[in-house]
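Engineer: This one is upload16.pdb, PDB, C-alpha atoms.
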```pdb
ATOM      1  CA  MET A  19      -4.031  18.620 -18.800
ATOM      2  CA  SER A  20      -3.963  15.827 -16.210
ATOM      3  CA  VAL A  21      -3.447  12.078 -16.300
ATOM      4  CA  GLU A  22      -6.497  10.091 -15.280
ATOM      5  CA  ARG A  23      -6.194   7.726 -12.358
ATOM      6  CA  PRO A  24      -4.753   4.365 -13.447
ATOM      7  CA  ILE A  25      -7.051   1.349 -13.200
ATOM      8  CA  ILE A  26      -5.607  -1.522 -11.170
ATOM      9  CA  GLY A  27      -7.234  -4.934 -11.509
ATOM     10  CA  ILE A  28      -7.294  -7.062  -8.344
ATOM     11  CA  CYS A  29      -7.974 -10.774  -8.760
ATOM     12  CA  THR A  30     -10.573 -12.014  -6.271
ATOM     13  CA  ALA A  31     -10.853 -15.223  -4.307
ATOM     14  CA  ILE A  32     -13.776 -17.649  -4.300
ATOM     15  CA  GLU A  33     -14.902 -18.339  -0.739
ATOM     16  CA  THR A  34     -17.969 -19.131   1.337
ATOM     17  CA  ALA A  35     -19.171 -16.077   3.275
ATOM     18  CA  THR A  36     -21.895 -15.609   5.863
ATOM     19  CA  TRP A  37     -23.862 -12.445   6.591
ATOM     20  CA  ALA A  38     -27.302 -11.968   8.154
ATOM     21  CA  ALA A  39     -29.180 -15.202   7.418
ATOM     22  CA  TRP A  40     -27.186 -16.008   4.277
ATOM     23  CA  GLU A  41     -24.314 -18.367   3.592
ATOM     24  CA  LEU A  42     -23.213 -18.138  -0.017
ATOM     25  CA  LEU A  43     -20.285 -18.753  -2.357
ATOM     26  CA  VAL A  44     -18.865 -15.312  -3.134
ATOM     27  CA  ASN A  45     -16.154 -13.503  -5.039
ATOM     28  CA  LEU A  46     -14.140 -12.013  -2.193
ATOM     29  CA  SER A  47     -11.356  -9.485  -1.747
ATOM     30  CA  PRO A  48     -10.184  -7.957   1.544
ATOM     31  CA  ARG A  49     -10.920  -4.222   1.528
ATOM     32  CA  SER A  50      -7.293  -3.496   2.397
ATOM     33  CA  TYR A  51      -6.356  -4.158  -1.247
ATOM     34  CA  THR A  52      -8.759  -1.608  -2.706
ATOM     35  CA  LEU A  53      -7.909   0.949  -0.017
ATOM     36  CA  ALA A  54      -4.175   0.585  -0.738
ATOM     37  CA  VAL A  55      -4.789   1.200  -4.449
ATOM     38  CA  GLN A  56      -7.068   4.163  -3.744
ATOM     39  CA  ARG A  57      -4.637   5.747  -1.271
ATOM     40  CA  ALA A  58      -1.987   5.601  -3.990
ATOM     41  CA  GLY A  59      -4.261   7.418  -6.443
ATOM     42  CA  GLY A  60      -5.528   4.474  -8.460
ATOM     43  CA  VAL A  61      -8.950   3.066  -9.272
ATOM     44  CA  ALA A  62      -9.433  -0.467  -7.924
ATOM     45  CA  LEU A  63     -11.299  -2.918 -10.158
ATOM     46  CA  LEU A  64     -12.158  -6.344  -8.707
ATOM     47  CA  LEU A  65     -11.693  -9.221 -11.157
ATOM     48  CA  PRO A  66     -13.696 -12.409 -10.458
ATOM     49  CA  PRO A  67     -12.605 -15.693 -12.072
ATOM     50  CA  ASP A  68     -14.076 -16.034 -15.550
ATOM     51  CA  ASP A  69     -13.396 -18.981 -17.867
ATOM     52  CA  ALA A  70     -14.337 -16.914 -20.928
ATOM     53  CA  VAL A  71     -11.689 -14.351 -19.983
ATOM     54  CA  ALA A  72      -9.209 -17.198 -19.451
ATOM     55  CA  GLU A  73      -9.780 -18.032 -23.125
ATOM     56  CA  ASN A  74      -9.344 -14.390 -24.188
ATOM     57  CA  PRO A  75      -7.455 -12.406 -21.488
ATOM     58  CA  ASP A  76      -7.047  -9.331 -23.688
ATOM     59  CA  GLU A  77     -10.777  -8.681 -23.340
ATOM     60  CA  LEU A  78     -10.187  -7.797 -19.688
ATOM     61  CA  LEU A  79      -6.586  -6.598 -19.812
ATOM     62  CA  ASP A  80      -7.593  -3.866 -22.254
ATOM     63  CA  LEU A  81      -9.518  -2.318 -19.339
ATOM     64  CA  VAL A  82      -6.664  -2.118 -16.802
ATOM     65  CA  ASP A  83      -3.317  -0.364 -16.426
ATOM     66  CA  GLY A  84      -1.900  -2.714 -13.787
ATOM     67  CA  LEU A  85      -2.658  -6.094 -12.233
ATOM     68  CA  ILE A  86      -2.504  -7.486  -8.698
ATOM     69  CA  LEU A  87      -2.453 -11.252  -8.200
ATOM     70  CA  ALA A  88      -3.762 -11.225  -4.645
ATOM     71  CA  GLY A  89      -3.505 -13.527  -1.656
ATOM     72  CA  GLY A  90      -5.885 -16.287  -0.708
ATOM     73  CA  SER A  91      -6.133 -20.039  -0.337
ATOM     74  CA  ASP A  92      -3.694 -22.574  -1.757
ATOM     75  CA  ILE A  93      -3.020 -23.003  -5.473
ATOM     76  CA  ASP A  94      -4.121 -26.363  -6.875
ATOM     77  CA  PRO A  95      -0.925 -28.476  -7.063
ATOM     78  CA  GLY A  96      -2.179 -29.830 -10.374
ATOM     79  CA  SER A  97      -1.342 -26.390 -11.786
ATOM     80  CA  TYR A  98       2.352 -27.213 -11.402
ATOM     81  CA  GLY A  99       2.253 -30.975 -11.855
ATOM     82  CA  ALA A 100       2.290 -32.058  -8.206
ATOM     83  CA  ARG A 101       0.097 -34.138  -5.928
ATOM     84  CA  PRO A 102      -1.583 -32.405  -2.971
ATOM     85  CA  HIS A 103       0.142 -32.373   0.412
ATOM     86  CA  PRO A 104      -2.165 -33.227   3.357
ATOM     87  CA  ALA A 105      -1.871 -29.580   4.507
ATOM     88  CA  THR A 106      -2.935 -28.143   1.122
ATOM     89  CA  SER A 107      -6.520 -26.915   1.290
ATOM     90  CA  GLY A 108      -9.122 -24.560  -0.143
ATOM     91  CA  THR A 109      -8.023 -24.940  -3.751
ATOM     92  CA  ARG A 110     -10.157 -23.423  -6.527
ATOM     93  CA  PRO A 111      -8.998 -24.629  -9.959
ATOM     94  CA  GLU A 112     -11.249 -22.098 -11.702
ATOM     95  CA  ARG A 113      -9.395 -19.266  -9.965
ATOM     96  CA  ASP A 114      -6.067 -20.807 -10.933
ATOM     97  CA  ARG A 115      -7.078 -21.129 -14.598
ATOM     98  CA  PHE A 116      -8.166 -17.497 -14.654
ATOM     99  CA  GLU A 117      -5.059 -16.106 -12.976
ATOM    100  CA  ILE A 118      -2.611 -18.233 -14.967
ATOM    101  CA  ALA A 119      -4.161 -17.067 -18.245
ATOM    102  CA  LEU A 120      -4.484 -13.445 -17.123
ATOM    103  CA  GLY A 121      -1.016 -13.270 -15.610
ATOM    104  CA  THR A 122       0.634 -14.974 -18.573
ATOM    105  CA  ARG A 123      -0.895 -12.537 -21.044
ATOM    106  CA  ALA A 124      -0.208  -9.532 -18.793
ATOM    107  CA  LEU A 125       3.471 -10.494 -18.776
ATOM    108  CA  GLU A 126       3.473 -10.925 -22.551
ATOM    109  CA  ARG A 127       2.056  -7.400 -22.849
ATOM    110  CA  ASP A 128       4.417  -6.105 -20.126
ATOM    111  CA  ILE A 129       1.508  -4.751 -18.102
ATOM    112  CA  PRO A 130       2.728  -3.807 -14.592
ATOM    113  CA  LEU A 131       2.113  -6.813 -12.341
ATOM    114  CA  LEU A 132       2.385  -7.295  -8.577
ATOM    115  CA  GLY A 133       1.962 -10.676  -6.888
ATOM    116  CA  ILE A 134       1.108 -10.666  -3.182
ATOM    117  CA  CYS A 135       1.547 -13.824  -1.039
ATOM    118  CA  ARG A 136      -0.404 -16.426  -3.057
ATOM    119  CA  GLY A 137       0.092 -14.054  -5.978
ATOM    120  CA  MET A 138       3.876 -14.316  -5.684
ATOM    121  CA  GLN A 139       3.526 -18.077  -5.711
ATOM    122  CA  MET A 140       1.235 -17.811  -8.751
ATOM    123  CA  LEU A 141       3.812 -15.675 -10.561
ATOM    124  CA  ASN A 142       6.351 -18.471 -10.099
ATOM    125  CA  VAL A 143       3.840 -21.100 -11.280
ATOM    126  CA  ILE A 144       3.017 -19.014 -14.363
ATOM    127  CA  GLN A 145       6.717 -19.132 -15.239
ATOM    128  CA  GLY A 146       6.784 -22.925 -14.890
ATOM    129  CA  GLY A 147       8.014 -23.085 -11.288
ATOM    130  CA  THR A 148       6.773 -25.233  -8.416
ATOM    131  CA  LEU A 149       5.789 -24.686  -4.783
ATOM    132  CA  GLN A 150       6.769 -26.101  -1.434
ATOM    133  CA  GLN A 151       3.304 -27.004  -0.176
ATOM    134  CA  HIS A 152       4.062 -26.859   3.557
ATOM    135  CA  ILE A 153       7.131 -24.859   4.550
ATOM    136  CA  PRO A 154       7.189 -26.075   8.183
ATOM    137  CA  ASP A 155       8.376 -29.374   6.647
ATOM    138  CA  VAL A 156      11.426 -27.474   5.379
ATOM    139  CA  ILE A 157      12.200 -24.821   7.995
ATOM    140  CA  GLY A 158      10.946 -26.782  10.995
ATOM    141  CA  ASN A 159       8.550 -24.187  12.449
ATOM    142  CA  ASP A 160       5.345 -22.224  11.852
ATOM    143  CA  ASP A 161       6.921 -18.776  12.190
ATOM    144  CA  HIS A 162       5.398 -17.488   8.951
ATOM    145  CA  ARG A 163       1.850 -18.382  10.050
ATOM    146  CA  HIS A 164       2.024 -19.035  13.757
ATOM    147  CA  THR A 165      -1.660 -18.306  14.482
ATOM    148  CA  PRO A 166      -4.565 -18.773  12.052
ATOM    149  CA  GLY A 167      -6.218 -15.417  11.407
ATOM    150  CA  ALA A 168      -3.238 -13.390  12.668
ATOM    151  CA  PHE A 169      -0.209 -12.020  10.838
ATOM    152  CA  SER A 170       3.374 -12.916  11.724
ATOM    153  CA  ASP A 171       5.922 -10.111  11.936
ATOM    154  CA  HIS A 172       9.506 -10.529  10.732
ATOM    155  CA  ASP A 173      12.150  -8.808   8.623
ATOM    156  CA  VAL A 174      13.005  -9.333   4.955
ATOM    157  CA  LEU A 175      16.388  -8.586   3.389
ATOM    158  CA  LEU A 176      16.252  -7.339  -0.208
ATOM    159  CA  GLU A 177      18.927  -7.379  -2.890
ATOM    160  CA  PRO A 178      20.359  -3.854  -3.281
ATOM    161  CA  GLY A 179      19.423  -2.376  -6.635
ATOM    162  CA  SER A 180      16.614  -4.869  -7.256
ATOM    163  CA  LEU A 181      13.096  -3.927  -8.314
ATOM    164  CA  ALA A 182      11.853  -5.345  -5.015
ATOM    165  CA  ALA A 183      14.161  -3.033  -3.065
ATOM    166  CA  HIS A 184      12.986  -0.129  -5.228
ATOM    167  CA  VAL A 185       9.285  -0.737  -4.591
ATOM    168  CA  VAL A 186       9.899  -1.223  -0.863
ATOM    169  CA  GLY A 187      12.207   1.793  -0.700
ATOM    170  CA  ALA A 188      14.889   0.032   1.350
ATOM    171  CA  ASP A 189      17.132  -3.031   1.435
ATOM    172  CA  ARG A 190      15.532  -4.247   4.659
ATOM    173  CA  THR A 191      11.923  -4.077   5.767
ATOM    174  CA  ALA A 192       9.623  -5.319   8.512
ATOM    175  CA  VAL A 193       6.707  -7.269   7.036
ATOM    176  CA  ARG A 194       3.425  -8.926   7.962
ATOM    177  CA  SER A 195       2.944 -12.436   6.640
ATOM    178  CA  GLY A 196       0.487 -15.302   6.932
ATOM    179  CA  HIS A 197       1.299 -18.294   4.719
ATOM    180  CA  HIS A 198       2.303 -21.943   4.955
ATOM    181  CA  GLN A 199       3.527 -22.394   1.382
ATOM    182  CA  GLY A 200       6.487 -20.988  -0.507
ATOM    183  CA  LEU A 201       8.626 -21.397  -3.604
ATOM    184  CA  ASP A 202      10.399 -24.618  -4.526
ATOM    185  CA  GLU A 203      11.823 -24.757  -8.057
ATOM    186  CA  LEU A 204      12.079 -21.325  -9.644
ATOM    187  CA  GLY A 205      10.226 -20.659 -12.880
ATOM    188  CA  GLU A 206      11.917 -19.548 -16.079
ATOM    189  CA  GLY A 207      13.469 -16.112 -15.735
ATOM    190  CA  VAL A 208      12.488 -15.756 -12.070
ATOM    191  CA  LEU A 209      15.077 -13.961  -9.957
ATOM    192  CA  VAL A 210      15.085 -14.134  -6.154
ATOM    193  CA  SER A 211      15.430 -10.597  -4.791
ATOM    194  CA  GLY A 212      14.444 -10.971  -1.137
ATOM    195  CA  ARG A 213      14.737 -13.502   1.684
ATOM    196  CA  ALA A 214      13.482 -13.711   5.242
ATOM    197  CA  ASP A 215      16.038 -12.638   7.820
ATOM    198  CA  GLY A 216      16.796 -15.838   9.691
ATOM    199  CA  ASP A 217      15.422 -18.862   7.836
ATOM    200  CA  GLN A 218      16.261 -17.404   4.382
ATOM    201  CA  LEU A 219      12.859 -18.298   2.917
ATOM    202  CA  VAL A 220      12.334 -16.657  -0.484
ATOM    203  CA  GLU A 221      10.187 -13.566   0.166
ATOM    204  CA  ALA A 222      10.517 -11.521  -3.037
ATOM    205  CA  ILE A 223      10.956 -12.367  -6.711
ATOM    206  CA  GLU A 224      10.996 -10.453  -9.975
ATOM    207  CA  LEU A 225      11.313 -10.943 -13.736
ATOM    208  CA  PRO A 226      14.262  -8.826 -14.886
ATOM    209  CA  ASP A 227      13.235  -9.035 -18.552
ATOM    210  CA  LYS A 228       9.974  -7.193 -17.760
ATOM    211  CA  ASP A 229       9.639  -3.516 -16.864
ATOM    212  CA  PHE A 230       7.569  -4.190 -13.735
ATOM    213  CA  ALA A 231       6.838  -7.757 -12.623
ATOM    214  CA  VAL A 232       7.481  -8.391  -8.937
ATOM    215  CA  GLY A 233       6.128 -10.657  -6.222
ATOM    216  CA  VAL A 234       6.285 -10.432  -2.430
ATOM    217  CA  LEU A 235       5.308 -13.171  -0.009
ATOM    218  CA  TRP A 236       4.128 -10.760   2.667
ATOM    219  CA  HIS A 237       1.041  -8.501   2.778
ATOM    220  CA  PRO A 238       1.973  -4.859   2.022
ATOM    221  CA  GLU A 239      -1.706  -3.937   1.656
ATOM    222  CA  GLU A 240      -2.047  -4.451   5.415
ATOM    223  CA  ASP A 241       0.525  -1.745   6.196
ATOM    224  CA  GLU A 242      -0.516   1.827   5.381
ATOM    225  CA  ARG A 243       3.144   2.884   5.471
ATOM    226  CA  SER A 244       4.156   0.375   2.785
ATOM    227  CA  ARG A 245       5.142   1.759  -0.623
ATOM    228  CA  VAL A 246       4.712  -1.531  -2.505
ATOM    229  CA  VAL A 247       1.166  -1.159  -3.854
ATOM    230  CA  GLY A 248       1.833   2.527  -4.462
ATOM    231  CA  ALA A 249       4.835   1.625  -6.629
ATOM    232  CA  LEU A 250       2.587  -0.480  -8.859
ATOM    233  CA  VAL A 251       0.069   2.353  -9.138
ATOM    234  CA  GLU A 252       2.841   4.838  -9.943
ATOM    235  CA  GLU A 253       4.251   2.566 -12.653
ATOM    236  CA  ALA A 254       0.782   2.160 -14.169
ATOM    237  CA  ARG A 255       0.228   5.931 -14.012
ATOM    238  CA  SER A 256       3.515   6.631 -15.770
ATOM    239  CA  ARG A 257       2.369   4.578 -18.747
ATOM    240  CA  ARG A 258      -1.004   6.278 -19.089
ATOM    241  CA  LYS A 259      -1.152   8.977 -21.697
ATOM    242  CA  ALA A 260      -2.611  12.275 -20.647
ATOM    243  CA  PRO A 261      -6.053  12.762 -22.231
ATOM    244  CA  THR A 262      -6.235  15.188 -25.117
ATOM    245  CA  GLN A 263      -8.094  18.421 -24.513
TER     246      GLN A 263
END
```
Any chance you could give the structure as structure tokens?

Structural biologist:
Amino acid sequence: MSVERPIIGICTAIETATWAAWELLVNLSPRSYTLAVQRAGGVALLLPPDDAVAENPDELLDLVDGLILAGGSDIDPGSYGARPHPATSGTRPERDRFEIALGTRALERDIPLLGICRGMQMLNVIQGGTLQQHIPDVIGNDDHRHTPGAFSDHDVLLEPGSLAAHVVGADRTAVRSGHHQGLDELGEGVLVSGRADGDQLVEAIELPDKDFAVGVLWHPEEDERSRVVGALVEEARSRRKAPTQ
């Protein structure tokens, strides 16, 4: 008797893409996300924004064993009661509606959830928190996104014994990041479990009252050595019942 591969839902972005002679609005997800899930022994299922699902998230959540709130463009500041900063761009309110509804219900059901970059920020917004819309205004530099289209490398220090340290497998890790926004006010029940070495920017959060709800501001899917996505898949697998013979 064997346990089937867990199904991990990955929320997609809405972007304009060009190929051959076409330029179209598409549901988009970097292949590194699906590859990270597959390497860890999971089945990757891409989840495009869907207002009907936002009204009834269980319809979709019944199909998955774990959820990734993925990276992408900025969250609409209206989602957390703020006005847009001049540097805020690329917002898609329909994606925000979908992910807020899906993430909220996933947390209520205690479905394993991992937020990556924008997804970590979304996890905080779901819990009623707010965002710093342009962190260079706070830390005085662009170290976390020094070059558009390229990742920044730095270290993150994690709280010993935290879920974040468990999924990383260490209390300190080198990461790849590419963001200009971060957390401001923490949402209800959100615990900071990792900070950037140096400027102390919040880099990892978790919800201690849930079995597995964690967010990281860096991109573990871009590092084949990272254990982060694999930890989500393993948690989802552990909850799957072996099929009856």

Engineer: I need the output of the PyMOL selection byres ((chain A and resi 199) around 7) for this file as a VMD selection string; which residues are they?

Structural biologist: chain A and resid 149 to 153 197 to 198 200

Engineer: Have a look at A:Ala100, A:Ala105, A:Leu181, A:Leu78 and name the one nearest to Leu132 of chain A; count all atoms listed in the file.

Structural biologist: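 Among the listed residues, A:Leu181 lies closest to Leu132 of chain A.
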
Engineer: Hey, what comes out of the PyMOL selection byres ((chain A and resi 147) around 8) on this file? Could you write it as a compact mmCIF listing (two decimals) with C-alpha atoms, keeping the file's coordinate frame?

Structural biologist:
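Result file follows (part29.txt):
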```
# COMPACT_ATOMS: atom_id res chain seq x y z
CA TYR A 98 2.35 -27.21 -11.40
CA ASN A 142 6.35 -18.47 -10.10
CA VAL A 143 3.84 -21.10 -11.28
CA ILE A 144 3.02 -19.01 -14.36
CA GLN A 145 6.72 -19.13 -15.24
CA GLY A 146 6.78 -22.92 -14.89
CA THR A 148 6.77 -25.23 -8.42
CA LEU A 149 5.79 -24.69 -4.78
CA LEU A 201 8.63 -21.40 -3.60
CA ASP A 202 10.40 -24.62 -4.53
CA GLU A 203 11.82 -24.76 -8.06
CA LEU A 204 12.08 -21.32 -9.64
CA GLY A 205 10.23 -20.66 -12.88
CA GLU A 206 11.92 -19.55 -16.08
```

Engineer: Quick check on the file I pasted: which residues fall under the PyMOL selection byres ((chain A and resi 61) around 8)? Write them as a ChimeraX atom specification.

Structural biologist: /A:23-26,55-56,59-60,62-63

Engineer: Neighbouring residues of segment 187-191 of chain A were defined as those with any atom within 12 Å, considering only C-alpha atoms; residues of the same chain fewer than 3 positions away were excluded. Please report them as number ranges by chain.

Structural biologist: A: 171-184, 194, 211-215, 221-222, 234, 236, 238, 241, 243-249

Engineer: Write the residues you've just listed into a file as a PDB file, in the coordinates of the input, and include C-alpha atoms for each of them.

Structural biologist:
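Full text of again36.pdb as output:
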```
ATOM      1  CA  ASP A 171       5.922 -10.111  11.936  1.00  0.00           C
ATOM      2  CA  HIS A 172       9.506 -10.529  10.732  1.00  0.00           C
ATOM      3  CA  ASP A 173      12.150  -8.808   8.623  1.00  0.00           C
ATOM      4  CA  VAL A 174      13.005  -9.333   4.955  1.00  0.00           C
ATOM      5  CA  LEU A 175      16.388  -8.586   3.389  1.00  0.00           C
ATOM      6  CA  LEU A 176      16.252  -7.339  -0.208  1.00  0.00           C
ATOM      7  CA  GLU A 177      18.927  -7.379  -2.890  1.00  0.00           C
ATOM      8  CA  PRO A 178      20.359  -3.854  -3.281  1.00  0.00           C
ATOM      9  CA  GLY A 179      19.423  -2.376  -6.635  1.00  0.00           C
ATOM     10  CA  SER A 180      16.614  -4.869  -7.256  1.00  0.00           C
ATOM     11  CA  LEU A 181      13.096  -3.927  -8.314  1.00  0.00           C
ATOM     12  CA  ALA A 182      11.853  -5.345  -5.015  1.00  0.00           C
ATOM     13  CA  ALA A 183      14.161  -3.033  -3.065  1.00  0.00           C
ATOM     14  CA  HIS A 184      12.986  -0.129  -5.228  1.00  0.00           C
ATOM     15  CA  ARG A 194       3.425  -8.926   7.962  1.00  0.00           C
ATOM     16  CA  SER A 211      15.430 -10.597  -4.791  1.00  0.00           C
ATOM     17  CA  GLY A 212      14.444 -10.971  -1.137  1.00  0.00           C
ATOM     18  CA  ARG A 213      14.737 -13.502   1.684  1.00  0.00           C
ATOM     19  CA  ALA A 214      13.482 -13.711   5.242  1.00  0.00           C
ATOM     20  CA  ASP A 215      16.038 -12.638   7.820  1.00  0.00           C
ATOM     21  CA  GLU A 221      10.187 -13.566   0.166  1.00  0.00           C
ATOM     22  CA  ALA A 222      10.517 -11.521  -3.037  1.00  0.00           C
ATOM     23  CA  VAL A 234       6.285 -10.432  -2.430  1.00  0.00           C
ATOM     24  CA  TRP A 236       4.128 -10.760   2.667  1.00  0.00           C
ATOM     25  CA  PRO A 238       1.973  -4.859   2.022  1.00  0.00           C
ATOM     26  CA  ASP A 241       0.525  -1.745   6.196  1.00  0.00           C
ATOM     27  CA  ARG A 243       3.144   2.884   5.471  1.00  0.00           C
ATOM     28  CA  SER A 244       4.156   0.375   2.785  1.00  0.00           C
ATOM     29  CA  ARG A 245       5.142   1.759  -0.623  1.00  0.00           C
ATOM     30  CA  VAL A 246       4.712  -1.531  -2.505  1.00  0.00           C
ATOM     31  CA  VAL A 247       1.166  -1.159  -3.854  1.00  0.00           C
ATOM     32  CA  GLY A 248       1.833   2.527  -4.462  1.00  0.00           C
ATOM     33  CA  ALA A 249       4.835   1.625  -6.629  1.00  0.00           C
TER      34      ALA A 249
END
```

Engineer: Counting only C-alpha atoms, I want the residues whose atoms come within 7 Å of (-10.3, -24.0, -17.1) in the file frame, returned as JSON, numbers by chain.

Structural biologist: {"A": [69, 112, 115]}

Engineer: Could those residues be written to a file, using C-alpha atoms, as a short mmCIF file (atom, residue, chain, number, x, y, z; two decimals), in the frame of the given file?

Structural biologist:
```cif
data_model
loop_
_atom_site.label_atom_id
_atom_site.label_comp_id
_atom_site.auth_asym_id
_atom_site.auth_seq_id
_atom_site.Cartn_x
_atom_site.Cartn_y
_atom_site.Cartn_z
CA ASP A 69 -13.40 -18.98 -17.87
CA GLU A 112 -11.25 -22.10 -11.70
CA ARG A 115 -7.08 -21.13 -14.60
#
```

Engineer: Do you know which residues are at most 9 Å from Phe230 of chain A counting only C-alpha atoms, after dropping those on the same chain fewer than 3 positions away, and could you put them as number ranges by chain?

Structural biologist: A: 128-132, 181, 224-227, 250, 253

Engineer: Which residues come within 8 Å of segment 136-138 of chain A, counting only C-alpha atoms, excluding same-chain residues fewer than 6 positions away, as number ranges by chain?

Structural biologist: A: 86-93, 222-223, 232-235
